[in-house]
Each structure stands twice: as structure tokens, then as C-alpha cells.
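Chemist: The file below is my_file_23.pdb, PDB, C-alpha atoms, pLDDT in the B column:
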```
ATOM      1  CA  ASP Z   1     -38.066 -76.768 123.833  1.00 63.00           C
ATOM      2  CA  THR Z   2     -38.701 -73.150 124.874  1.00 67.00           C
ATOM      3  CA  GLU Z   3     -39.256 -73.884 128.520  1.00 92.00           C
ATOM      4  CA  VAL Z   4     -37.649 -72.413 131.575  1.00 97.00           C
ATOM      5  CA  THR Z   5     -38.317 -74.523 134.650  1.00 97.00           C
ATOM      6  CA  GLN Z   6     -38.156 -73.333 138.231  1.00 98.00           C
ATOM      7  CA  THR Z   7     -38.189 -75.324 141.437  1.00 97.00           C
ATOM      8  CA  PRO Z   8     -39.741 -75.292 143.890  1.00 97.00           C
ATOM      9  CA  LYS Z   9     -43.070 -73.749 142.876  1.00 97.00           C
ATOM     10  CA  HIS Z  10     -43.742 -72.631 146.441  1.00 97.00           C
ATOM     11  CA  LEU Z  11     -41.403 -72.147 149.388  1.00 97.00           C
ATOM     12  CA  VAL Z  12     -42.049 -71.163 152.992  1.00 97.00           C
ATOM     13  CA  MET Z  13     -39.021 -70.368 155.099  1.00 94.00           C
ATOM     14  CA  GLY Z  14     -38.162 -68.854 158.418  1.00 92.00           C
ATOM     15  CA  MET Z  15     -35.837 -65.914 158.806  1.00 91.00           C
ATOM     16  CA  THR Z  16     -32.980 -68.122 160.008  1.00 91.00           C
ATOM     17  CA  ASN Z  17     -33.278 -70.717 157.263  1.00 91.00           C
ATOM     18  CA  LYS Z  18     -31.050 -71.245 154.249  1.00 96.00           C
ATOM     19  CA  LYS Z  19     -32.752 -72.313 151.055  1.00 96.00           C
ATOM     20  CA  SER Z  20     -32.074 -72.265 147.333  1.00 98.00           C
ATOM     21  CA  LEU Z  21     -34.172 -71.581 144.253  1.00 98.00           C
ATOM     22  CA  LYS Z  22     -33.298 -73.411 141.066  1.00 98.00           C
ATOM     23  CA  CYS Z  23     -33.802 -72.467 137.431  1.00 98.00           C
ATOM     24  CA  GLU Z  24     -33.021 -74.559 134.365  1.00 98.00           C
ATOM     25  CA  GLN Z  25     -33.200 -74.064 130.601  1.00 97.00           C
ATOM     26  CA  HIS Z  26     -32.090 -76.206 127.685  1.00 93.00           C
ATOM     27  CA  MET Z  27     -32.443 -73.697 124.877  1.00 93.00           C
ATOM     28  CA  GLY Z  28     -28.710 -73.020 124.664  1.00 92.00           C
ATOM     29  CA  HIS Z  29     -29.203 -69.519 126.046  1.00 92.00           C
ATOM     30  CA  ARG Z  30     -26.106 -67.933 127.545  1.00 92.00           C
ATOM     31  CA  ALA Z  31     -27.836 -65.105 129.440  1.00 92.00           C
ATOM     32  CA  MET Z  32     -29.904 -65.815 132.534  1.00 95.00           C
ATOM     33  CA  TYR Z  33     -31.768 -63.499 134.867  1.00 96.00           C
ATOM     34  CA  TRP Z  34     -33.412 -63.292 138.268  1.00 97.00           C
ATOM     35  CA  TYR Z  35     -36.356 -60.953 138.773  1.00 97.00           C
ATOM     36  CA  LYS Z  36     -38.392 -60.288 141.906  1.00 97.00           C
ATOM     37  CA  GLN Z  37     -42.101 -59.492 141.740  1.00 97.00           C
ATOM     38  CA  LYS Z  38     -44.090 -58.255 144.707  1.00 97.00           C
ATOM     39  CA  ALA Z  39     -47.854 -58.646 144.682  1.00 94.00           C
ATOM     40  CA  LYS Z  40     -49.594 -56.394 142.134  1.00 92.00           C
ATOM     41  CA  LYS Z  41     -46.274 -54.846 141.084  1.00 94.00           C
ATOM     42  CA  PRO Z  42     -44.177 -55.322 137.933  1.00 94.00           C
ATOM     43  CA  PRO Z  43     -41.115 -57.577 137.974  1.00 95.00           C
ATOM     44  CA  GLU Z  44     -37.864 -55.945 139.082  1.00 95.00           C
ATOM     45  CA  LEU Z  45     -34.484 -57.065 137.858  1.00 94.00           C
ATOM     46  CA  MET Z  46     -32.125 -58.519 140.456  1.00 97.00           C
ATOM     47  CA  PHE Z  47     -29.232 -60.198 138.628  1.00 96.00           C
ATOM     48  CA  VAL Z  48     -28.020 -60.892 135.101  1.00 94.00           C
ATOM     49  CA  TYR Z  49     -25.557 -63.607 134.132  1.00 95.00           C
ATOM     50  CA  SER Z  50     -23.874 -63.631 130.750  1.00 92.00           C
ATOM     51  CA  TYR Z  51     -21.733 -66.615 129.792  1.00 94.00           C
ATOM     52  CA  GLU Z  52     -21.946 -67.828 133.390  1.00 95.00           C
ATOM     53  CA  LYS Z  53     -20.474 -64.592 134.724  1.00 95.00           C
ATOM     54  CA  LEU Z  54     -22.397 -62.069 136.789  1.00 95.00           C
ATOM     55  CA  SER Z  55     -22.813 -58.956 134.662  1.00 92.00           C
ATOM     56  CA  ILE Z  56     -25.489 -56.992 136.522  1.00 91.00           C
ATOM     57  CA  ASN Z  57     -26.310 -56.862 140.236  1.00 93.00           C
ATOM     58  CA  GLU Z  58     -29.045 -54.334 140.890  1.00 92.00           C
ATOM     59  CA  SER Z  59     -27.764 -53.516 144.380  1.00 93.00           C
ATOM     60  CA  VAL Z  60     -29.442 -56.606 145.790  1.00 96.00           C
ATOM     61  CA  PRO Z  61     -28.813 -57.304 149.505  1.00 96.00           C
ATOM     62  CA  SER Z  62     -26.172 -59.946 150.217  1.00 96.00           C
ATOM     63  CA  ARG Z  63     -28.760 -62.262 151.768  1.00 97.00           C
ATOM     64  CA  PHE Z  64     -29.519 -63.131 148.133  1.00 98.00           C
ATOM     65  CA  SER Z  65     -26.609 -64.949 146.521  1.00 98.00           C
ATOM     66  CA  PRO Z  66     -26.830 -65.981 142.869  1.00 98.00           C
ATOM     67  CA  GLU Z  67     -24.854 -68.779 141.296  1.00 97.00           C
ATOM     68  CA  CYS Z  68     -24.550 -69.968 137.709  1.00 97.00           C
ATOM     69  CA  PRO Z  69     -22.792 -73.362 137.850  1.00 96.00           C
ATOM     70  CA  ASN Z  70     -23.167 -74.015 134.116  1.00 94.00           C
ATOM     71  CA  SER Z  71     -24.865 -72.614 131.044  1.00 91.00           C
ATOM     72  CA  SER Z  72     -28.170 -74.366 131.782  1.00 96.00           C
ATOM     73  CA  LEU Z  73     -28.537 -73.752 135.489  1.00 97.00           C
ATOM     74  CA  LEU Z  74     -29.092 -70.707 137.645  1.00 98.00           C
ATOM     75  CA  ASN Z  75     -29.477 -70.819 141.416  1.00 98.00           C
ATOM     76  CA  LEU Z  76     -30.495 -68.209 143.953  1.00 98.00           C
ATOM     77  CA  HIS Z  77     -29.285 -68.963 147.469  1.00 98.00           C
ATOM     78  CA  LEU Z  78     -31.314 -67.419 150.253  1.00 97.00           C
ATOM     79  CA  HIS Z  79     -30.113 -66.789 153.795  1.00 95.00           C
ATOM     80  CA  ALA Z  80     -31.480 -64.752 156.695  1.00 94.00           C
ATOM     81  CA  LEU Z  81     -34.325 -63.329 154.658  1.00 95.00           C
ATOM     82  CA  GLN Z  82     -36.835 -60.835 155.966  1.00 96.00           C
ATOM     83  CA  PRO Z  83     -40.639 -61.035 155.701  1.00 96.00           C
ATOM     84  CA  GLU Z  84     -40.528 -58.201 153.151  1.00 96.00           C
ATOM     85  CA  ASP Z  85     -38.588 -60.516 150.844  1.00 97.00           C
ATOM     86  CA  SER Z  86     -41.763 -62.539 150.318  1.00 97.00           C
ATOM     87  CA  ALA Z  87     -42.468 -62.339 146.591  1.00 97.00           C
ATOM     88  CA  LEU Z  88     -42.587 -64.243 143.329  1.00 98.00           C
ATOM     89  CA  TYR Z  89     -39.059 -64.923 142.077  1.00 98.00           C
ATOM     90  CA  LEU Z  90     -38.857 -65.217 138.327  1.00 98.00           C
ATOM     91  CA  CYS Z  91     -36.051 -66.672 136.271  1.00 98.00           C
ATOM     92  CA  ALA Z  92     -35.560 -65.871 132.600  1.00 96.00           C
ATOM     93  CA  SER Z  93     -33.096 -66.697 129.859  1.00 95.00           C
ATOM     94  CA  SER Z  94     -32.166 -65.303 126.450  1.00 92.00           C
ATOM     95  CA  GLN Z  95     -29.688 -65.734 123.664  1.00 88.00           C
ATOM     96  CA  VAL Z  96     -26.651 -63.496 123.702  1.00 80.00           C
ATOM     97  CA  GLY Z  97     -25.866 -61.464 120.641  1.00 68.00           C
ATOM     98  CA  ALA Z  98     -29.266 -61.923 119.071  1.00 61.00           C
ATOM     99  CA  GLY Z  99     -29.021 -58.304 118.104  1.00 60.00           C
ATOM    100  CA  GLU Z 100     -32.578 -57.193 118.091  1.00 60.00           C
ATOM    101  CA  GLY Z 101     -33.292 -57.336 121.705  1.00 62.00           C
ATOM    102  CA  GLU Z 102     -32.762 -60.846 122.908  1.00 77.00           C
ATOM    103  CA  THR Z 103     -36.244 -62.059 123.688  1.00 87.00           C
ATOM    104  CA  GLN Z 104     -36.434 -63.296 127.243  1.00 92.00           C
ATOM    105  CA  TYR Z 105     -38.172 -66.530 128.158  1.00 94.00           C
ATOM    106  CA  PHE Z 106     -39.552 -66.622 131.678  1.00 96.00           C
ATOM    107  CA  GLY Z 107     -40.233 -69.480 134.014  1.00 97.00           C
ATOM    108  CA  PRO Z 108     -43.433 -69.686 136.078  1.00 96.00           C
ATOM    109  CA  GLY Z 109     -41.674 -68.436 139.179  1.00 97.00           C
ATOM    110  CA  THR Z 110     -41.168 -69.573 142.755  1.00 98.00           C
ATOM    111  CA  ARG Z 111     -43.582 -68.058 145.236  1.00 97.00           C
ATOM    112  CA  LEU Z 112     -41.647 -67.405 148.420  1.00 97.00           C
ATOM    113  CA  LEU Z 113     -43.115 -66.687 151.838  1.00 97.00           C
ATOM    114  CA  VAL Z 114     -40.773 -65.657 154.632  1.00 96.00           C
ATOM    115  CA  LEU Z 115     -42.182 -66.026 158.129  1.00 94.00           C
TER     116      LEU Z 115
ATOM    117  CA  ASP V   1     -33.483 -46.160 131.372  1.00 58.00           C
ATOM    118  CA  ALA V   2     -36.024 -44.447 129.163  1.00 63.00           C
ATOM    119  CA  LYS V   3     -39.487 -44.576 130.677  1.00 88.00           C
ATOM    120  CA  THR V   4     -42.803 -45.740 129.243  1.00 94.00           C
ATOM    121  CA  THR V   5     -46.311 -44.596 130.143  1.00 95.00           C
ATOM    122  CA  GLN V   6     -49.338 -46.856 129.754  1.00 96.00           C
ATOM    123  CA  PRO V   7     -52.949 -46.644 130.905  1.00 97.00           C
ATOM    124  CA  ASN V   8     -53.530 -48.590 134.118  1.00 96.00           C
ATOM    125  CA  SER V   9     -56.367 -50.631 132.704  1.00 97.00           C
ATOM    126  CA  MET V  10     -58.462 -51.215 129.591  1.00 97.00           C
ATOM    127  CA  GLU V  11     -61.524 -53.259 128.792  1.00 97.00           C
ATOM    128  CA  SER V  12     -62.454 -55.022 125.616  1.00 96.00           C
ATOM    129  CA  ASN V  13     -65.145 -57.319 124.350  1.00 96.00           C
ATOM    130  CA  GLU V  14     -64.341 -60.772 123.104  1.00 96.00           C
ATOM    131  CA  GLU V  15     -63.581 -61.042 119.359  1.00 95.00           C
ATOM    132  CA  GLU V  16     -63.098 -57.288 119.016  1.00 96.00           C
ATOM    133  CA  PRO V  17     -59.760 -55.602 118.234  1.00 96.00           C
ATOM    134  CA  VAL V  18     -57.817 -54.060 121.107  1.00 97.00           C
ATOM    135  CA  HIS V  19     -55.369 -51.185 120.808  1.00 98.00           C
ATOM    136  CA  LEU V  20     -53.022 -50.841 123.758  1.00 98.00           C
ATOM    137  CA  PRO V  21     -51.113 -47.530 123.706  1.00 97.00           C
ATOM    138  CA  CYS V  22     -47.672 -46.749 125.075  1.00 97.00           C
ATOM    139  CA  ASN V  23     -45.864 -43.415 125.267  1.00 96.00           C
ATOM    140  CA  HIS V  24     -42.088 -43.297 125.335  1.00 94.00           C
ATOM    141  CA  SER V  25     -41.113 -39.730 124.584  1.00 93.00           C
ATOM    142  CA  THR V  26     -37.519 -40.123 125.831  1.00 90.00           C
ATOM    143  CA  ILE V  27     -36.724 -43.140 123.665  1.00 91.00           C
ATOM    144  CA  SER V  28     -33.189 -43.222 122.290  1.00 88.00           C
ATOM    145  CA  GLY V  29     -32.169 -44.282 118.817  1.00 87.00           C
ATOM    146  CA  THR V  30     -30.901 -47.668 119.977  1.00 84.00           C
ATOM    147  CA  ASP V  31     -33.895 -48.620 122.140  1.00 88.00           C
ATOM    148  CA  TYR V  32     -36.052 -51.455 120.892  1.00 90.00           C
ATOM    149  CA  ILE V  33     -39.735 -51.408 121.848  1.00 93.00           C
ATOM    150  CA  HIS V  34     -40.720 -54.696 123.437  1.00 94.00           C
ATOM    151  CA  TRP V  35     -44.095 -55.912 124.607  1.00 96.00           C
ATOM    152  CA  TYR V  36     -44.548 -58.665 127.140  1.00 97.00           C
ATOM    153  CA  ARG V  37     -47.681 -59.861 128.840  1.00 97.00           C
ATOM    154  CA  GLN V  38     -48.256 -61.626 132.112  1.00 97.00           C
ATOM    155  CA  LEU V  39     -51.257 -63.857 132.491  1.00 95.00           C
ATOM    156  CA  PRO V  40     -52.537 -64.518 136.010  1.00 90.00           C
ATOM    157  CA  SER V  41     -50.223 -66.773 138.037  1.00 88.00           C
ATOM    158  CA  GLN V  42     -47.676 -67.043 135.219  1.00 93.00           C
ATOM    159  CA  GLY V  43     -44.328 -65.536 134.314  1.00 95.00           C
ATOM    160  CA  PRO V  44     -44.192 -62.798 131.682  1.00 96.00           C
ATOM    161  CA  GLU V  45     -44.452 -63.901 128.059  1.00 96.00           C
ATOM    162  CA  TYR V  46     -42.890 -62.213 125.030  1.00 94.00           C
ATOM    163  CA  VAL V  47     -45.428 -60.767 122.614  1.00 96.00           C
ATOM    164  CA  ILE V  48     -43.626 -58.696 119.998  1.00 95.00           C
ATOM    165  CA  HIS V  49     -40.867 -56.149 119.488  1.00 93.00           C
ATOM    166  CA  GLY V  50     -39.757 -53.575 116.942  1.00 92.00           C
ATOM    167  CA  LEU V  51     -37.377 -50.718 116.277  1.00 91.00           C
ATOM    168  CA  THR V  52     -38.844 -48.386 113.656  1.00 92.00           C
ATOM    169  CA  SER V  53     -41.152 -50.261 111.318  1.00 91.00           C
ATOM    170  CA  ASN V  54     -44.496 -51.802 112.124  1.00 93.00           C
ATOM    171  CA  VAL V  55     -44.289 -55.507 112.969  1.00 94.00           C
ATOM    172  CA  ASN V  56     -46.706 -58.399 112.769  1.00 95.00           C
ATOM    173  CA  ASN V  57     -46.554 -61.865 114.254  1.00 92.00           C
ATOM    174  CA  ARG V  58     -49.033 -64.589 115.068  1.00 91.00           C
ATOM    175  CA  MET V  59     -49.937 -63.018 118.403  1.00 90.00           C
ATOM    176  CA  ALA V  60     -50.235 -59.325 117.613  1.00 96.00           C
ATOM    177  CA  SER V  61     -49.189 -56.305 115.590  1.00 97.00           C
ATOM    178  CA  LEU V  62     -47.009 -53.433 116.721  1.00 98.00           C
ATOM    179  CA  ALA V  63     -47.540 -49.998 115.261  1.00 98.00           C
ATOM    180  CA  ILE V  64     -44.705 -47.545 115.903  1.00 97.00           C
ATOM    181  CA  ALA V  65     -45.132 -43.807 115.427  1.00 96.00           C
ATOM    182  CA  GLU V  66     -42.864 -42.162 112.897  1.00 95.00           C
ATOM    183  CA  ASP V  67     -41.081 -40.162 115.614  1.00 95.00           C
ATOM    184  CA  ARG V  68     -40.920 -43.333 117.779  1.00 95.00           C
ATOM    185  CA  LYS V  69     -42.300 -41.459 120.762  1.00 95.00           C
ATOM    186  CA  SER V  70     -45.275 -43.780 120.999  1.00 96.00           C
ATOM    187  CA  SER V  71     -46.394 -47.223 119.935  1.00 97.00           C
ATOM    188  CA  THR V  72     -49.547 -49.317 119.943  1.00 98.00           C
ATOM    189  CA  LEU V  73     -49.944 -53.034 120.484  1.00 98.00           C
ATOM    190  CA  ILE V  74     -52.847 -54.381 118.470  1.00 98.00           C
ATOM    191  CA  LEU V  75     -54.630 -57.606 119.298  1.00 97.00           C
ATOM    192  CA  HIS V  76     -56.786 -58.240 116.264  1.00 94.00           C
ATOM    193  CA  ARG V  77     -59.464 -60.355 117.943  1.00 95.00           C
ATOM    194  CA  ALA V  78     -59.355 -60.429 121.713  1.00 96.00           C
ATOM    195  CA  THR V  79     -60.154 -63.692 123.441  1.00 96.00           C
ATOM    196  CA  LEU V  80     -60.749 -64.382 127.104  1.00 96.00           C
ATOM    197  CA  ARG V  81     -57.247 -65.871 127.233  1.00 95.00           C
ATOM    198  CA  ASP V  82     -55.791 -62.476 126.324  1.00 96.00           C
ATOM    199  CA  ALA V  83     -56.781 -61.056 129.716  1.00 97.00           C
ATOM    200  CA  ALA V  84     -53.421 -60.136 131.217  1.00 97.00           C
ATOM    201  CA  VAL V  85     -51.130 -57.289 132.205  1.00 98.00           C
ATOM    202  CA  TYR V  86     -49.381 -55.945 129.101  1.00 98.00           C
ATOM    203  CA  TYR V  87     -46.003 -54.316 129.550  1.00 97.00           C
ATOM    204  CA  CYS V  88     -44.410 -51.945 127.064  1.00 96.00           C
ATOM    205  CA  ILE V  89     -40.636 -51.932 127.633  1.00 93.00           C
ATOM    206  CA  LEU V  90     -37.772 -50.057 126.045  1.00 90.00           C
ATOM    207  CA  MET V  91     -34.783 -52.314 125.779  1.00 85.00           C
ATOM    208  CA  ASP V  92     -31.240 -51.124 125.424  1.00 76.00           C
ATOM    209  CA  THR V  93     -29.466 -54.164 124.024  1.00 68.00           C
ATOM    210  CA  GLY V  94     -26.245 -52.941 125.579  1.00 72.00           C
ATOM    211  CA  ARG V  95     -27.686 -53.441 129.022  1.00 72.00           C
ATOM    212  CA  ARG V  96     -29.496 -56.687 128.275  1.00 72.00           C
ATOM    213  CA  ALA V  97     -32.210 -56.324 130.863  1.00 79.00           C
ATOM    214  CA  LEU V  98     -35.890 -55.518 130.942  1.00 85.00           C
ATOM    215  CA  THR V  99     -37.117 -52.611 133.036  1.00 86.00           C
ATOM    216  CA  PHE V 100     -40.837 -53.181 133.520  1.00 90.00           C
ATOM    217  CA  GLY V 101     -43.210 -50.266 133.981  1.00 89.00           C
ATOM    218  CA  SER V 102     -46.574 -50.596 135.648  1.00 91.00           C
ATOM    219  CA  GLY V 103     -48.270 -52.025 132.531  1.00 96.00           C
ATOM    220  CA  THR V 104     -51.890 -52.084 131.366  1.00 98.00           C
ATOM    221  CA  ARG V 105     -54.302 -54.589 132.848  1.00 97.00           C
ATOM    222  CA  LEU V 106     -56.546 -55.782 130.007  1.00 98.00           C
ATOM    223  CA  GLN V 107     -59.921 -57.217 130.865  1.00 97.00           C
ATOM    224  CA  VAL V 108     -61.832 -59.064 128.163  1.00 97.00           C
ATOM    225  CA  GLN V 109     -65.572 -59.403 128.537  1.00 96.00           C
ATOM    226  CA  PRO V 110     -67.473 -62.292 126.936  1.00 93.00           C
TER     227      PRO V 110
END
```
Please render this file's structure as C-alpha cells.
Modeler:
Amino acid sequence: DTEVTQTPKHLVMGMTNKKSLKCEQHMGHRAMYWYKQKAKKPPELMFVYSYEKLSINESVPSRFSPECPNSSLLNLHLHALQPEDSALYLCASSQVGAGEGETQYFGPGTRLLVL
Amino acid sequence: DAKTTQPNSMESNEEEPVHLPCNHSTISGTDYIHWYRQLPSQGPEYVIHGLTSNVNNRMASLAIAEDRKSSTLILHRATLRDAAVYYCILMDTGRRALTFGSGTRLQVQP
């Protein structure tokens, strides 16, 4: 099973709402990632978790709060977002210590619209 | 992060080979060259990667210049399903993250 699943597929939220994005993988990968992709732009890294610990935060605003409750799950909690945060949010996972570059497996993304 | 340069777009005809170039003149000795592609409305998908030697897999071939300052992704027979944005990425395994450039949008004509 080489699948990364993300829920929900689509999300519309107001600027005062709190919502969460969920990502799951069952490949035994111990590194998980959040990327943000604006329309017609390449994905941009937001967070990296390694062995359930946050290892990279690309200076993401605090209204985005990641959480890795176990080795299979990655959440992104959203609060007080702005319309410019509307984007496709991609989750990915990879093995740790694979040496040659740790191929990343991506989910289909959650398309978020902030009104 | 070392930077890559790719053409914005390329066109190919179905069942013909496609050569997608990538320049990475500031590559360091520990950077792996990765290629991912993103089909419409999907997340990126791994294609191939290499360090110094040319690589082949079921999806594509990767030709790496001797000085490693450039590489070429080769799709041997393009199909309509290969229409996607192809990203050439230099990966420092110490950082464990992908820094995507702007990529090449490949259009495949029937």
C-alpha cells in the first residue's frame, strides 16, 4: 500500500472558524510533510516531522498548527485563516534513513477556500 | 538550497521520445537529482532520481552530465497521460525536504 490519504478533499471555512486537515499513511514511513500549493505555483514546504517530532518549520504563521499524534497520522489545525491562505494543502511521507533521497509519496491534497 | 532551471513549457507528440532538460550549475557533491511530476488535480508523483550515473526505471530514464551541472529526464514514448508539470529538484538528504522550482509543463499532442 503506497497510498497517502487526505481528508477532507475540499474545505470552505470562514476567517473565524477552526478546522483541521488530516493525513494518513500506512507505509511505515517515519517522516511526514505538509506543503502548500497556490494556484499555478509549485508546492512550498511548510512543516517536516521526523519520528513524530517537528524538525522543520518554514516560518509558517501560527494560525497553522501541525500535530503528529502517531507515526501514521499528521494533522494540520487551522485557526483564524486569511483569504490568502486559500490553496491546495498537500501531505507527503517518506522513509527515514533511506539514504538516497527518501522518495516522498504525496496525497491528493485538500483544497481549502477561506472566505 | 541549490537552484534548478527548467524551460517553462514543452510540447511533444504522442509515442515520441521527450527530453526534459534541467540546469543545476550550483549543485553540491551531496545533492541528489530528483524528478517529480504533477498531473492535473493530483499531488506530485515521484519519477526518478540519481546522483552521478544515469538511471533507468519503468517510468523514465535520467541522464546526468559528467560535471553534474545539468540533467535530462527522458520519457521514451510519451502518452497523453504523461501531460503534467515536471519538477527537477536537488535534494540534500540532510535537510530531508523538497524545494520545488517552477517546473516544465509538458503538453502531449495526439
Chemist: Name the residues in contact with V:Ser53 at a cut-off of 9 Å, using all atoms listed in the file, excluding same-chain residues fewer than 4 positions from it; report them as number ranges by chain.
Modeler: V: 62-66
Chemist: Considering all atoms listed in the file, return as a PDB file with C-alpha atoms, in the coordinates of the input whatever protein or nucleic-acid residues lie within 8 Å of Z:Tyr51, sequence-local ones (same chain, fewer than 6 positions apart) excluded.
Modeler:
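Heads up, here's the output in out09.pdb:
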```pdb
ATOM      1  CA  ARG Z  30     -26.106 -67.933 127.545  1.00 92.00           C
ATOM      2  CA  ALA Z  31     -27.836 -65.105 129.440  1.00 92.00           C
ATOM      3  CA  SER Z  71     -24.865 -72.614 131.044  1.00 91.00           C
TER       4      SER Z  71
END
```
Chemist: Taking the file as shown, find all residues satisfying the PyMOL selection byres ((chain Z) within 6 of (chain V)) and write them as an NGL selection string.
Modeler: :Z and (42 or 101 or 106-108)
Chemist: Which of these residues is nearest to Z:Leu11, using all atoms listed in the file: Z:Ser72, Z:Ser86, Z:Gln104, Z:Ser93?
Modeler: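 Smallest distance to Z:Leu11 is found for Z:Ser86.
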Chemist: May I ask which of the residues V:Ala84, V:Val18, V:Met10, V:Leu106 is the closest one to V:Arg37, counting all atoms listed in the file?
Modeler: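 Under the stated criterion, the closest residue is V:Ala84.
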Chemist: Let me know the residues the PyMOL selection byres ((chain Z and resi 23) around 6) catches in the file above, as a PyMOL selection string.
Modeler: chain Z and resi 5-6+22+24+73-74
Chemist: Can you tell me, as JSON, the centre and edge lengths (Å, one decimal) of the axis-aligned box enclosing all of stretch 90-97 of chain V's listed atoms after padding each side by 5 Å?
Modeler:
```
{"center_x": -32.0, "center_y": -53.4, "center_z": 127.4, "size_x": 21.5, "size_y": 16.6, "size_z": 16.8}
```
Chemist: Counting all atoms listed in the file, what is within 8 Å of V:Leu75, bar same-chain residues fewer than 3 positions away, as a list of chain:residue names?
Modeler: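 After dropping sequence-adjacent residues, the list is V:Pro17, V:Val18, V:His19, V:Met59, V:Ala60, V:Ser61, V:Ala78.
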Chemist: Using only C-alpha atoms, which residue out of V:Ser28, V:Asn54, V:Thr79, V:Thr104 lies closest to V:Thr5?
Modeler: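 Residue with the minimum atom-to-atom distance to V:Thr5: V:Thr104.
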Chemist: For atom CA of V:Gln107 and atom CA of V:Glu15, determine how far apart the two atoms are, in Å to one decimal place.
Modeler: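 Interatomic distance, atom CA of V:Gln107 to atom CA of V:Glu15: 12.7 Å.
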Chemist: Applied to the shown file, which residues does the PyMOL selection byres ((chain Z and resi 78) around 6) return, written as a list in words?
Modeler: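 With the PyMOL selection byres ((chain Z and resi 78) around 6) on this model, the match is Lys18, Lys19, Ser20, Arg63, Phe64, His77 and His79 of chain Z.
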Chemist: With C-alpha atoms retained, could you export that selection as a tab-separated table (two decimals), keeping the file's coordinate frame?
Modeler:
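What ended up in result20.tsv:
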```tsv
chain	number	residue	atom	x	y	z
Z	18	LYS	CA	-31.05	-71.24	154.25
Z	19	LYS	CA	-32.75	-72.31	151.06
Z	20	SER	CA	-32.07	-72.26	147.33
Z	63	ARG	CA	-28.76	-62.26	151.77
Z	64	PHE	CA	-29.52	-63.13	148.13
Z	77	HIS	CA	-29.28	-68.96	147.47
Z	79	HIS	CA	-30.11	-66.79	153.79
```
Chemist: So what do you get for atom CA of V:Gln109 versus atom CA of V:Ala83, distance-wise?
Modeler: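 Going from atom CA of V:Gln109 over to atom CA of V:Ala83 covers 9.0 Å.
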Chemist: I'd like the interatomic distance between atom CA of Z:Leu113 and atom CA of Z:Met13, to a tenth of an Å.
Modeler: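 So the two atoms, atom CA of Z:Leu113 and atom CA of Z:Met13, lie 6.4 Å apart.
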Chemist: Can you work out which one of V:Trp35, V:Thr72, V:Pro110, V:Arg105 has the shortest atom-to-atom distance to V:Glu14, counting only C-alpha atoms?
Modeler: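 Of V:Trp35, V:Thr72, V:Pro110, V:Arg105, the one nearest V:Glu14, counting only C-alpha atoms, is V:Pro110.
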Chemist: Compare V:Arg81, V:Cys88, V:Thr4, V:Asp67 by their minimum atom-to-atom distance to V:Asn23, counting all atoms listed in the file, and give me the closest one.
Modeler: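 Closest to V:Asn23 of all the choices is V:Thr4.
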Chemist: Name all residues at most 8 Å from Z:Leu81 (count only C-alpha atoms; drop same-chain ones fewer than 6 positions away) and give them as a ChimeraX atom specification.
Modeler: /Z:14-17,63,114
Chemist: Using C-alpha atoms, can you write the selected residues to a file as a PDB file, in the frame of the given file?
Modeler:
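Listing of again_35.pdb after writing:
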```pdb
ATOM      1  CA  GLY Z  14     -38.162 -68.854 158.418  1.00 92.00           C
ATOM      2  CA  MET Z  15     -35.837 -65.914 158.806  1.00 91.00           C
ATOM      3  CA  THR Z  16     -32.980 -68.122 160.008  1.00 91.00           C
ATOM      4  CA  ASN Z  17     -33.278 -70.717 157.263  1.00 91.00           C
ATOM      5  CA  ARG Z  63     -28.760 -62.262 151.768  1.00 97.00           C
ATOM      6  CA  VAL Z 114     -40.773 -65.657 154.632  1.00 96.00           C
TER       7      VAL Z 114
END
```
Chemist: Have a look at Z:Met32, Z:Pro43, Z:Leu21, Z:Arg111 and name the one nearest to Z:Ser55; count all atoms listed in the file.
Modeler: Z:Met32
